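Peer 1: So here's start.csv, just CSV, C-alpha atoms and all ligand atoms:
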chain,number,residue,atom,x,y,z
K,97,MET,CA,120.7,97.2,63.5
K,98,THR,CA,117.0,96.2,63.7
K,99,ASN,CA,115.9,92.8,62.7
K,100,VAL,CA,113.1,93.9,60.3
K,101,GLU,CA,111.9,90.5,59.2
K,102,GLU,CA,108.6,89.6,60.9
K,103,VAL,CA,107.5,86.0,61.2
K,104,HIS,CA,103.8,85.0,61.4
K,105,LEU,CA,102.8,81.4,62.1
K,106,PRO,CA,99.0,81.5,62.3
K,107,THR,CA,98.6,77.7,62.9
K,108,LEU,CA,100.2,74.8,64.6
K,109,GLN,CA,100.9,73.3,61.1
K,110,ALA,CA,102.7,76.5,60.1
K,111,LEU,CA,104.9,76.1,63.2
K,112,GLN,CA,105.5,72.5,62.4
K,113,GLU,CA,106.6,73.4,58.9
K,114,TYR,CA,108.8,76.4,59.9
K,115,ASN,CA,112.5,76.3,60.5
K,116,LEU,CA,112.5,77.7,64.0
K,117,GLY,CA,115.9,76.4,64.9
K,118,ASP,CA,117.6,78.4,62.1
K,119,ARG,CA,115.5,81.5,63.0
K,120,LEU,CA,116.5,81.2,66.7
K,121,HIS,CA,120.2,80.9,65.8
K,122,THR,CA,120.1,83.9,63.5
K,123,VAL,CA,118.1,86.2,65.8
K,124,PHE,CA,120.2,85.3,68.8
K,125,THR,CA,123.5,85.8,67.0
K,126,GLN,CA,122.4,89.1,65.7
K,127,ALA,CA,121.0,90.3,69.0
K,128,GLU,CA,124.2,89.2,70.8
K,129,SER,CA,126.5,91.0,68.4
K,130,ASN,CA,124.4,94.2,68.5
K,131,ASP,CA,124.4,94.2,72.3
K,132,ASN,CA,120.7,93.8,72.6
K,133,LEU,CA,121.1,91.1,75.2
K,134,VAL,CA,122.5,91.2,78.7
K,135,PHE,CA,124.6,88.0,78.3
K,136,THR,CA,128.0,86.9,79.5
K,137,LYS,CA,129.3,83.7,77.8
K,138,GLN,CA,130.4,81.4,80.5
K,139,ASP,CA,134.0,80.1,80.6
K,140,PRO,CA,133.4,76.4,80.3
K,141,THR,CA,136.2,75.7,82.8
K,142,LYS,CA,134.2,77.5,85.5
K,143,ILE,CA,131.1,75.5,85.1
K,144,LYS,CA,130.9,72.9,87.8
K,145,ILE,CA,129.2,69.5,87.4
K,146,ILE,CA,128.4,67.5,90.5
K,147,ASN,CA,127.1,63.9,90.4
K,148,ASP,CA,125.1,63.8,93.6
K,149,ALA,CA,124.7,60.0,94.1
K,150,ASP,CA,122.8,60.3,97.4
K,151,HIS,CA,120.0,62.2,95.6
K,152,ASN,CA,120.4,60.4,92.3
K,153,MET,CA,120.7,63.7,90.5
K,154,THR,CA,123.3,65.5,88.4
K,155,ILE,CA,123.8,69.2,89.2
K,156,GLN,CA,125.4,72.0,87.1
K,157,VAL,CA,126.5,75.2,88.9
K,158,LYS,CA,127.5,78.3,87.1
K,159,GLU,CA,127.7,82.1,87.4
K,160,VAL,CA,125.0,84.0,85.5
K,161,PRO,CA,125.7,87.7,86.0
K,162,GLY,CA,122.5,88.7,84.0
K,163,LEU,CA,120.4,87.3,86.9
K,164,GLY,CA,121.5,90.3,89.0
K,165,LYS,CA,120.3,92.7,86.3
K,166,ARG,CA,117.0,91.4,85.2
K,167,PRO,CA,114.0,93.5,86.3
K,168,MET,CA,111.3,92.4,88.8
K,169,ASN,CA,107.8,93.2,87.7
K,170,ARG,CA,105.3,91.4,89.9
K,171,PRO,CA,102.5,92.6,92.1
K,172,THR,CA,103.6,90.9,95.3
K,173,VAL,CA,106.7,90.2,97.2
K,174,PRO,CA,107.2,86.5,97.9
K,175,GLY,CA,107.2,85.4,101.5
K,176,THR,CA,104.6,88.0,102.4
K,177,ASN,CA,100.9,87.9,102.7
K,178,GLU,CA,100.3,90.6,100.2
K,179,ARG,CA,97.3,90.3,98.0
K,180,VAL,CA,97.1,90.8,94.2
K,181,THR,CA,94.9,93.9,93.9
K,182,ASP,CA,93.7,95.6,90.8
K,183,ASP,CA,95.9,98.6,91.5
K,184,LYS,CA,99.0,96.4,91.7
K,185,VAL,CA,98.1,94.6,88.5
K,186,GLU,CA,97.7,98.0,86.8
K,187,GLN,CA,101.2,99.0,88.0
K,188,VAL,CA,102.7,95.8,86.6
K,189,LYS,CA,101.0,96.4,83.3
K,190,LYS,CA,102.7,99.8,83.0
K,191,ASN,CA,106.2,98.3,83.3
K,192,ASN,CA,105.4,95.2,81.3
K,193,PRO,CA,108.3,94.3,78.9
K,194,PHE,CA,106.2,91.6,77.1
K,195,VAL,CA,103.4,93.7,75.6
K,196,LYS,CA,105.6,95.5,73.1
K,197,PRO,CA,108.7,93.4,73.0
K,198,GLU,CA,111.9,94.7,71.3
K,199,PRO,CA,111.8,93.9,67.6
K,200,GLU,CA,115.4,92.9,67.8
K,201,LEU,CA,114.5,90.1,70.2
K,202,THR,CA,111.4,88.9,68.4
K,203,LEU,CA,111.5,85.5,66.8
K,204,VAL,CA,107.9,85.1,65.9
K,205,SER,CA,105.5,88.1,66.0
K,206,ASP,CA,102.4,86.0,65.8
K,207,LEU,CA,102.0,82.4,66.8
K,208,CYS,CA,98.5,80.9,66.5
K,209,GLY,CA,96.9,84.4,66.9
K,210,SER,CA,97.6,84.9,70.6
K,211,TYR,CA,101.3,84.4,71.2
K,212,ARG,CA,104.7,85.7,70.4
K,213,LEU,CA,108.2,84.1,70.7
K,214,ILE,CA,110.9,86.4,72.0
K,215,LEU,CA,114.5,86.0,73.1
K,216,ASN,CA,115.1,86.3,76.8
K,217,LYS,CA,116.9,89.6,77.2
K,218,PHE,CA,118.9,88.2,80.2
K,219,PRO,CA,119.6,84.7,78.9
K,220,ASN,CA,120.8,82.0,81.3
K,221,THR,CA,122.4,80.2,78.4
K,222,GLU,CA,122.5,81.0,74.6
K,223,HIS,CA,119.2,80.7,72.7
K,224,HIS,CA,117.1,81.0,75.8
K,225,PHE,CA,113.7,82.3,74.7
K,226,LEU,CA,110.1,82.8,75.8
K,227,MET,CA,106.6,82.3,74.6
K,228,VAL,CA,104.4,85.2,75.8
K,229,THR,CA,100.8,86.0,75.4
K,230,LYS,CA,100.2,89.0,73.1
K,231,GLN,CA,97.6,90.4,75.4
K,232,PHE,CA,98.3,90.8,79.1
K,233,GLU,CA,97.4,87.7,81.1
K,234,GLN,CA,98.4,86.9,84.6
K,235,GLN,CA,101.2,84.4,85.1
K,236,ASP,CA,99.0,82.8,87.8
K,237,THR,CA,96.5,81.3,85.4
K,238,LEU,CA,96.5,77.7,84.2
K,239,LEU,CA,98.1,76.7,80.9
K,240,ARG,CA,95.6,76.2,78.2
K,241,PRO,CA,95.6,72.9,76.1
K,242,LEU,CA,96.9,74.9,73.1
K,243,GLU,CA,99.7,76.3,75.2
K,244,LEU,CA,100.7,72.8,76.3
K,245,GLN,CA,100.6,71.7,72.7
K,246,LEU,CA,102.7,74.6,71.5
K,247,MET,CA,105.3,73.9,74.1
K,248,ARG,CA,105.6,70.3,72.9
K,249,SER,CA,105.6,71.3,69.3
K,250,ILE,CA,108.3,73.9,69.8
K,251,LEU,CA,110.4,71.3,71.7
K,252,SER,CA,110.1,68.7,69.1
K,253,LYS,CA,110.9,71.2,66.3
K,254,LEU,CA,114.1,72.3,68.1
K,255,ASN,CA,115.1,68.9,69.2
K,256,ASN,CA,115.0,67.5,65.7
K,257,HIS,CA,116.7,70.5,64.3
K,258,VAL,CA,120.1,70.0,62.6
K,259,GLY,CA,121.5,73.3,61.4
K,260,VAL,CA,124.8,74.1,59.8
K,261,ASP,CA,127.4,76.6,61.0
K,262,ALA,CA,129.4,79.1,59.0
K,263,THR,CA,131.8,76.4,57.8
K,264,GLY,CA,128.9,74.2,56.6
K,265,ASP,CA,129.3,71.7,59.4
K,266,PRO,CA,126.2,70.4,61.0
K,267,PHE,CA,125.5,71.6,64.6
K,268,LYS,CA,125.4,69.0,67.3
K,269,LYS,CA,121.7,68.4,68.1
K,270,ASP,CA,120.6,70.3,71.1
K,271,ARG,CA,117.9,69.2,73.6
K,272,TYR,CA,115.5,71.8,74.8
K,273,PHE,CA,113.1,71.9,77.7
K,274,ALA,CA,110.3,74.3,78.6
K,275,PHE,CA,109.3,75.6,82.0
K,276,PHE,CA,106.5,77.7,83.5
K,277,ASN,CA,106.9,79.2,87.0
K,278,SER,CA,103.4,79.9,88.3
K,279,GLY,CA,102.1,81.2,91.6
K,280,PRO,CA,103.6,83.8,94.0
K,281,GLU,CA,106.2,81.5,95.5
K,282,SER,CA,107.3,79.8,92.2
K,283,GLY,CA,110.2,82.2,91.7
K,284,TYR,CA,109.0,84.2,88.7
K,285,SER,CA,110.1,87.8,88.1
K,286,GLN,CA,107.5,88.8,85.5
K,287,PHE,CA,103.7,88.7,86.0
K,288,HIS,CA,102.8,88.7,82.3
K,289,LYS,CA,102.1,85.1,81.2
K,290,HIS,CA,105.1,83.4,79.8
K,291,VAL,CA,106.7,80.0,79.2
K,292,GLN,CA,110.4,79.7,78.8
K,293,PHE,CA,112.5,77.5,76.6
K,294,MET,CA,116.2,76.6,77.3
K,295,LYS,CA,118.6,74.0,76.1
K,296,LEU,CA,120.2,71.5,78.3
K,297,PRO,CA,124.0,71.4,78.8
K,298,ALA,CA,125.5,68.9,76.4
K,299,ASP,CA,125.3,65.3,77.7
K,300,PHE,CA,123.6,66.3,80.9
K,301,PRO,CA,121.8,63.3,82.5
K,302,LEU,CA,118.3,64.0,83.8
K,303,TYR,CA,116.9,62.1,86.7
K,304,GLN,CA,113.5,62.4,85.2
K,305,ASP,CA,114.6,60.5,82.0
K,306,ARG,CA,115.8,57.7,84.2
K,307,VAL,CA,112.6,57.7,86.2
K,308,VAL,CA,110.4,57.3,83.1
K,309,SER,CA,112.8,55.1,81.1
K,310,ASN,CA,111.0,51.9,81.8
K,311,ALA,CA,107.5,53.3,82.0
K,312,ASP,CA,104.9,53.3,79.3
K,313,TYR,CA,102.5,56.2,78.8
K,314,PHE,CA,99.5,56.0,81.1
K,315,ILE,CA,96.6,58.1,82.2
K,316,PRO,CA,97.1,58.5,85.9
K,317,ASN,CA,94.7,57.1,88.4
K,318,GLU,CA,95.2,57.7,92.1
K,319,LEU,CA,93.5,54.5,93.1
K,320,LYS,CA,95.9,52.3,91.3
K,321,SER,CA,99.4,52.2,92.7
K,322,ASP,CA,101.0,51.5,89.3
K,323,LYS,CA,99.1,54.5,87.7
K,324,ARG,CA,100.3,57.3,90.0
K,325,PRO,CA,102.8,59.9,88.8
K,326,LEU,CA,106.4,58.8,88.9
K,327,PHE,CA,109.3,60.4,90.9
K,328,ASN,CA,112.9,60.1,92.0
K,329,LYS,CA,112.5,58.7,95.5
K,330,ASP,CA,116.0,59.9,96.5
K,331,ALA,CA,115.6,63.5,95.5
K,332,GLY,CA,114.2,64.6,98.8
K,333,PHE,CA,111.7,67.2,97.4
K,334,LYS,CA,108.2,66.4,96.2
K,335,HIS,CA,107.8,66.3,92.4
K,336,PHE,CA,105.6,64.3,90.1
K,337,ILE,CA,106.4,63.1,86.6
K,338,LEU,CA,104.2,61.8,83.8
K,339,LYS,CA,105.2,60.4,80.4
K,340,MET,CA,103.5,62.0,77.5
K,341,PRO,CA,101.9,60.1,74.6
K,342,THR,CA,103.3,59.9,71.1
K,343,VAL,CA,101.2,60.9,68.1
K,344,GLY,CA,100.7,57.9,65.9
K,345,LYS,CA,101.2,55.5,68.8
K,346,GLU,CA,99.2,56.2,72.0
K,347,VAL,CA,97.2,59.1,70.4
K,348,LYS,CA,96.0,59.2,66.9
K,349,ASP,CA,96.5,62.9,66.0
K,350,THR,CA,97.4,66.4,67.3
K,351,GLU,CA,93.8,67.0,68.5
K,352,GLU,CA,94.0,63.8,70.7
K,353,GLU,CA,97.5,64.8,71.8
K,354,ARG,CA,96.2,68.2,72.9
K,355,GLU,CA,93.5,66.6,75.0
K,356,SER,CA,95.9,64.2,76.6
K,357,LEU,CA,98.4,66.8,77.5
K,358,ALA,CA,95.6,68.8,79.2
K,359,ILE,CA,94.4,65.8,81.2
K,360,LEU,CA,98.0,65.0,82.4
K,361,TYR,CA,98.7,68.7,83.3
K,362,MET,CA,95.5,69.1,85.2
K,363,TYR,CA,96.2,65.9,87.1
K,364,LEU,CA,99.5,67.3,88.2
K,365,VAL,CA,98.0,70.6,89.1
K,366,LYS,CA,95.4,68.7,91.2
K,367,ARG,CA,98.3,67.1,93.0
K,368,VAL,CA,99.6,70.6,93.9
K,369,LEU,CA,96.2,71.5,95.2
K,370,ASN,CA,96.1,68.3,97.3
K,371,ILE,CA,99.4,69.1,98.9
K,372,PHE,CA,98.5,72.7,99.8
K,373,ARG,CA,95.3,71.5,101.3
K,374,GLU,CA,96.7,68.5,103.2
K,375,LEU,CA,99.6,70.4,104.6
K,376,ASP,CA,97.3,73.3,105.4
K,377,VAL,CA,99.2,76.0,103.3
K,378,GLU,CA,97.2,79.0,102.4
K,379,PHE,CA,95.5,78.6,99.0
K,380,SER,CA,96.4,82.1,97.8
K,381,LYS,CA,100.0,80.9,97.9
K,382,ILE,CA,99.4,78.0,95.5
K,383,SER,CA,102.6,77.9,93.5
K,384,TYR,CA,104.4,75.3,91.3
K,385,ASN,CA,107.1,74.9,88.7
K,386,PHE,CA,106.0,73.0,85.6
K,387,ILE,CA,108.6,71.5,83.3
K,388,MET,CA,108.3,69.7,80.0
K,389,THR,CA,110.7,67.9,77.7
K,390,ASP,CA,110.0,66.1,74.5
K,391,THR,CA,108.9,62.9,76.5
K,392,TRP,CA,107.7,63.8,79.9
K,393,MET,CA,106.1,66.6,82.0
K,394,MET,CA,106.8,67.3,85.7
K,395,ILE,CA,105.3,69.5,88.4
K,396,VAL,CA,107.0,70.7,91.6
K,397,PRO,CA,104.8,72.2,94.3
K,398,ARG,CA,106.5,75.3,95.8
K,399,LYS,CA,106.0,76.9,99.2
K,400,ALA,CA,108.7,79.6,99.0
K,401,ALA,CA,110.5,81.5,96.3
K,402,HIS,CA,113.6,81.6,98.4
K,403,TYR,CA,115.4,79.7,101.1
K,404,GLN,CA,117.8,81.5,103.4
K,405,GLY,CA,118.0,84.3,100.9
K,406,VAL,CA,118.7,82.1,97.8
K,407,TRP,CA,116.1,82.5,95.0
K,408,GLN,CA,114.9,79.5,93.1
K,409,ASN,CA,112.6,78.8,90.1
K,410,SER,CA,112.2,75.8,87.9
K,411,LEU,CA,115.8,75.5,87.0
K,412,GLY,CA,117.2,74.0,90.2
K,413,TYR,CA,114.6,71.2,89.9
K,414,MET,CA,116.3,70.3,86.6
K,415,GLY,CA,119.6,70.3,88.5
K,416,LEU,CA,120.6,73.6,86.9
K,417,PHE,CA,121.9,76.2,89.5
K,418,GLY,CA,122.8,79.7,88.5
K,419,GLY,CA,124.0,82.5,90.8
K,420,LYS,CA,124.4,86.2,89.9
K,421,ASN,CA,127.9,86.2,91.6
K,422,GLU,CA,130.4,84.2,93.5
K,423,GLU,CA,128.7,85.0,96.8
K,424,VAL,CA,125.4,83.4,95.8
K,425,LEU,CA,127.3,80.3,94.5
K,426,LYS,CA,129.1,80.0,97.8
K,427,LYS,CA,125.8,80.2,99.6
K,428,TYR,CA,124.3,77.4,97.5
K,429,ASN,CA,127.4,75.3,98.2
K,430,ASP,CA,127.3,76.1,102.0
K,431,LEU,CA,123.5,75.4,102.3
K,432,GLY,CA,123.6,72.4,100.1
K,433,TYR,CA,121.8,72.3,96.7
K,434,ILE,CA,119.2,69.8,97.6
K,435,GLU,CA,118.5,71.6,100.9
K,436,VAL,CA,117.6,74.7,98.9
K,437,LEU,CA,115.3,72.7,96.7
K,438,LYS,CA,113.6,71.1,99.8
K,439,GLY,CA,113.4,74.4,101.6
K,440,CYS,CA,111.7,76.1,98.6
K,441,GLY,CA,109.5,73.0,97.8
K,442,PHE,CA,108.0,70.3,100.0
K,443,GLU,CA,110.0,67.5,101.5
K,444,GLN,CA,109.2,64.0,100.4
K,445,GLU,CA,107.6,61.7,103.0
K,446,GLU,CA,109.6,58.7,104.1
K,447,ASP,CA,107.0,56.5,102.4
K,448,GLU,CA,106.2,58.9,99.5
K,449,ASP,CA,105.6,55.9,97.2
K,450,LYS,CA,102.7,54.8,99.5
K,451,VAL,CA,101.1,58.2,99.9
K,452,VAL,CA,97.6,58.3,98.4
K,453,TYR,CA,96.2,61.8,97.8
K,454,ASN,CA,92.5,62.4,98.4
K,455,GLU,CA,92.2,63.9,94.9
K,456,TYR,CA,88.5,64.9,95.2
K,457,GLY,CA,88.5,66.2,98.8
K,458,TYR,CA,88.4,70.0,98.7
K,501,LIG,P1,110.6,84.6,85.2
K,501,LIG,O1,111.7,85.1,86.0
K,501,LIG,O2,110.4,83.1,85.4
K,501,LIG,O3,109.3,85.4,85.4
K,501,LIG,O4,110.9,84.8,83.7
K,501,LIG,C1,110.9,86.1,83.1
K,501,LIG,C2,112.1,86.2,82.2
K,501,LIG,O5,111.9,87.4,81.4
K,501,LIG,C3,113.4,86.4,82.9
K,501,LIG,O6,114.2,85.3,82.7
K,501,LIG,C4,114.0,87.7,82.3
K,501,LIG,O7,115.3,87.5,82.1
K,501,LIG,C5,113.2,87.9,81.1
K,501,LIG,N1,113.0,89.3,80.7
K,501,LIG,C6,112.9,90.4,81.5
K,501,LIG,N2,112.8,91.5,80.8
K,501,LIG,C7,112.8,91.2,79.5
K,501,LIG,C8,112.7,91.9,78.3
K,501,LIG,N3,112.6,93.2,78.2
K,501,LIG,N4,112.7,91.2,77.1
K,501,LIG,C9,112.8,89.8,77.2
K,501,LIG,N5,113.0,89.1,78.3
K,501,LIG,C10,112.9,89.7,79.5
Spell out the structure here as structure tokens.
Peer 2:
Amino acid sequence: MTNVEEVHLPTLQALQEYNLGDRLHTVFTQAESNDNLVFTKQDPTKIKIINDADHNMTIQVKEVPGLGKRPMNRPTVPGTNERVTDDKVEQVKKNNPFVKPEPELTLVSDLCGSYRLILNKFPNTEHHFLMVTKQFEQQDTLLRPLELQLMRSILSKLNNHVGVDATGDPFKKDRYFAFFNSGPESGYSQFHKHVQFMKLPADFPLYQDRVVSNADYFIPNELKSDKRPLFNKDAGFKHFILKMPTVGKEVKDTEEERESLAILYMYLVKRVLNIFRELDVEFSKISYNFIMTDTWMMIVPRKAAHYQGVWQNSLGYMGLFGGKNEEVLKKYNDLGYIEVLKGCGFEQEEDEDKVVYNEYGY
């Protein structure tokens, strides 16, 4: 059965007024029952939660068989010195699943003129979806201010959504986050520009929430030690977190919000550039994972898409580890979860809190 209804949300206001939570639930349920998704519901008893006190981080480990089935459509193989050539980009465009997404997976056909919202065909968890550009754009381009604002608006819509189930009982409120894997070593599988949205496991503590819990919103300034991005000093891998402003409090309206989000994001991207330059890593390899929740944004510089054969994207840096089979899960366990994150990212310095990056020195 095809989901014929098309949803068009031409403005940010239209998105804010739309019941995206109900739409997501309806389209996902329909796609799942019609076998339009490659999704295996996890047996909750097989999902492992680890409280890693040494790294001050909670970890979830589960098997996601769909990971072994999703297609790879990117111009270069990570870990090589391959260049993105026009020919390779043309090839990617031919196999591109996001230019004409399946109608059964489409949540919103038009968002602010340039975007679509579609279900992830190989979801990591239920209701996993993507924001994709309508026209082909490379994944290795920066997020635009509007894209950042759409991410935040979608998150706040979904996080404030209370739906009802078939019996009329309200759903438990979910908490979503958004992530963007950018650069050849960030762990992406598709080269067409996309941001992903996923819900957190219920009652899952995030180290980032703890890190920002006592902080006020501020515009970062490298020269002031109390105005540098925040991080979990026990995590072992470099990452940088900034609290976002609230409309009506630190910023007056959505226009100011958009400008602030862009300033914060560009500051974090600049950090990634600093690290690549200071550690003398080839600039063509510039890669990072960018993650946003309703209250903060975080960047993780990435030097490798995999470590000892284990693939990693943004999710591990949220503490969420998925493996396509038991063998991969065993490998994670044998290598150590944090070791994989350090191996794919950059290790923190012993005095990371004292490091001052030369932000203008290129
Ligand atoms: P990434 O691996 O970060 O590049 O994210 C791309 C996502 O697109 C993956 O999680 C895939 O599961 C998903 N994907 C691949 N093919 C399709 C498709 N035809 N429709 C929707 N999502 C897809």
Peer 1: Can you tell me how far atom CA of Gly209 of chain K sits from atom N5 of ligand LIG 501 (chain K), in Å to one decimal?
Peer 2: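 Going from atom CA of Gly209 of chain K over to atom N5 of ligand LIG 501 (chain K), I get 20.3 Å.
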Peer 1: Let me make sure I understand: among K:Gln234, K:Ser321, K:Ser410, K:Gln138, which one has the smallest atom-to-atom distance to ligand LIG 501 (chain K) if we use all atoms listed in the file?
Peer 2: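 Closest candidate: K:Ser410.
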Peer 1: Figure out the distance between atom CA of Gly283 of chain K and atom CA of Asn409 of chain K, please, to one decimal in Å.
Peer 2: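 Straight-line distance from atom CA of Asn409 of chain K to atom CA of Gly283 of chain K works out to 4.5 Å.
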Peer 1: Can you check which parts of chain K lie within 6 Å of ligand LIG 501 (chain K)? Per residue, the shortest pair of atoms and distance in Å to one decimal, counting all atoms listed in the file, sorted by chain and number, as JSON lines.
Peer 2:
{"residue": "K:Arg166", "atom": "CA", "partner": "K:LIG501", "partner_atom": "O7", "distance": 5.3}
{"residue": "K:Pro167", "atom": "CA", "partner": "K:LIG501", "partner_atom": "C6", "distance": 5.8}
{"residue": "K:Pro193", "atom": "CA", "partner": "K:LIG501", "partner_atom": "N3", "distance": 4.5}
{"residue": "K:Leu215", "atom": "CA", "partner": "K:LIG501", "partner_atom": "C9", "distance": 5.8}
{"residue": "K:Asn216", "atom": "CA", "partner": "K:LIG501", "partner_atom": "N5", "distance": 3.8}
{"residue": "K:Lys217", "atom": "CA", "partner": "K:LIG501", "partner_atom": "N5", "distance": 4.1}
{"residue": "K:Phe218", "atom": "CA", "partner": "K:LIG501", "partner_atom": "O7", "distance": 4.1}
{"residue": "K:Asn277", "atom": "CA", "partner": "K:LIG501", "partner_atom": "O2", "distance": 5.5}
{"residue": "K:Tyr284", "atom": "CA", "partner": "K:LIG501", "partner_atom": "O3", "distance": 3.5}
{"residue": "K:Ser285", "atom": "CA", "partner": "K:LIG501", "partner_atom": "O3", "distance": 3.7}
{"residue": "K:Gln286", "atom": "CA", "partner": "K:LIG501", "partner_atom": "O3", "distance": 3.8}
Peer 1: Which one is closest to Asn152 of chain K: K:Asp270, K:Glu281, K:Glu113, K:Asp305? Count all atoms listed in the file.
Peer 2: K:Asp305
Peer 1: How far is it from atom CA of Pro241 of chain K to atom CA of Leu120 of chain K, in Å with one decimal?
Peer 2: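 Computing the Euclidean distance for atom CA of Pro241 of chain K and atom CA of Leu120 of chain K yields 24.4 Å.
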Peer 1: Nearest to Tyr384 of chain K: which of K:Thr141, K:Ser282, K:Asn191, K:Asn115 is it, counting all atoms listed in the file?
Peer 2: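 Among K:Thr141, K:Ser282, K:Asn191, K:Asn115, it is K:Ser282 that comes nearest to Tyr384 of chain K.
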Peer 1: Please determine, counting all atoms listed in the file, which residue among K:Phe287, K:Val228, K:Tyr303, K:Asn220 has the shortest atom-to-atom distance to Asn192 of chain K.
Peer 2: K:Phe287
Peer 1: Given the point (103.7, 68.7, 83.2) in the coordinates of this file, which residues lie within 12 Å, counting all atoms listed in the file, and how would they look as a PyMOL selection string?
Peer 2: chain K and resi 238-239+241+243-245+247-248+273-277+304+325-326+335-340+356-368+384-397
